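K.L.:
My questions will all concern the structure given below.
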Amino acid sequence: MGTQLTVDEVSDALIEARRGLSTLPKEPLPRLTSTGVGLLHCRACRALLADSHSSATSATLATKPHYECLNCGDVFAWVVRVDRELQQLTTQLLSEPRVVERWRRGRAAELDARIEHGLRIRDWCQVPANRRRLQRRRRLGFLGGDSVAELLYHLALGLYPLVTERASLSGRVSSGPGSLAELTRVYDSCRDLAL
Ligand SMILES: [Zn+2]
């Protein structure tokens, strides 16, 4: 277990949890960039390639979508061809168990860390002295209109999708919660605390 949480960290996490929920149902904006943006580099100068969508003007929109190096101009390639190659490469990589396993471990470890953090927040709030500190903050208007119990409920709701995703990636990775039964208990205990 790392360092002790501070009331600031806990307040921020609870406010963040509520904000996360209120933005959850919104659909992400459709992306107008091509797959390789942020991935592909120029072979000559190593600068990231741009695609014609991201720097769209009426002139570039009139041409077929392409990648180009805006730095040295050495690279110019049609998006449709490059993206097809990227897709093939991704499919090929995903057929290799070692690659999938590495991805699974990375994602599971990330989820474990986030769930673990949520649990630390919950445990911190269960200590009466800490709870009083939070209540005081709330009375001073630092936590918005919600009660501490409501904020904890938001925290639990925010953890729920992480817990279900983690359960779908079978196998224990780090010291975090592993089995579905354990994860379900985590969720229930967050919810019970809040209600
Ligand atoms: Zn270049």
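Labels used: A, B, ... for chains in the order of the structure tokens, numbers from 1 for residues in each chain, and numbers from 1 for ligands as shown.
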Throw together the list of residues within 10 Å of ligand 1, counting only C-alpha atoms and all ligand atoms, and drop it here as a list in words.

P.N.:
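After applying the 10 Å limit, what remains is His41, Cys42, Arg43, Ala44, Cys45, Arg46, Ala47, Leu48, Leu49, Glu68, Cys69, Leu70, Asn71, Cys72, Gly73, Asp74, Val75 and Phe76 of chain A.
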
K.L.:
Give the alpha helix (DSSP H) residues of range 12-160 of chain A, as assigned by DSSP on the backbone, as a VMD selection string.

P.N.:
chain A and resid 12 to 23 58 to 61 79 to 94 97 to 126 128 to 139 148 to 160

K.L.:
Calculated over only C-alpha atoms, which of the candidates A:Leu5, A:Leu86, A:Val10, A:Leu119 has the smallest distance to Ser34 in chain A?

P.N.:
A:Leu86

K.L.:
Just want the 9 Å neighbourhood of Glu165 in chain A, counted on only C-alpha atoms, with same-chain residues fewer than 4 positions away dropped. Output as a compact mmCIF listing (two decimals) with C-alpha atoms, in the first residue's frame.

P.N.:
```txt
# COMPACT_ATOMS: atom_id res chain seq x y z
CA ALA A 108 -5.72 -5.91 -16.63
CA LEU A 111 -7.80 -1.80 -14.49
CA TYR A 160 -18.70 -0.97 -12.02
CA PRO A 161 -17.73 -1.00 -15.73
CA LEU A 169 -9.97 -10.57 -18.67
```

K.L.:
Please give the complete set of residues from range 30-130 of chain A that DSSP, run on the backbone, assigns to strand (DSSP E), formatted as a list in words.

P.N.:
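The residues of range 30-130 of chain A classed as strand (DSSP E) are Ala50, Asp51, His66, Tyr67, Glu68, Phe76, Ala77 and Trp78 of chain A.
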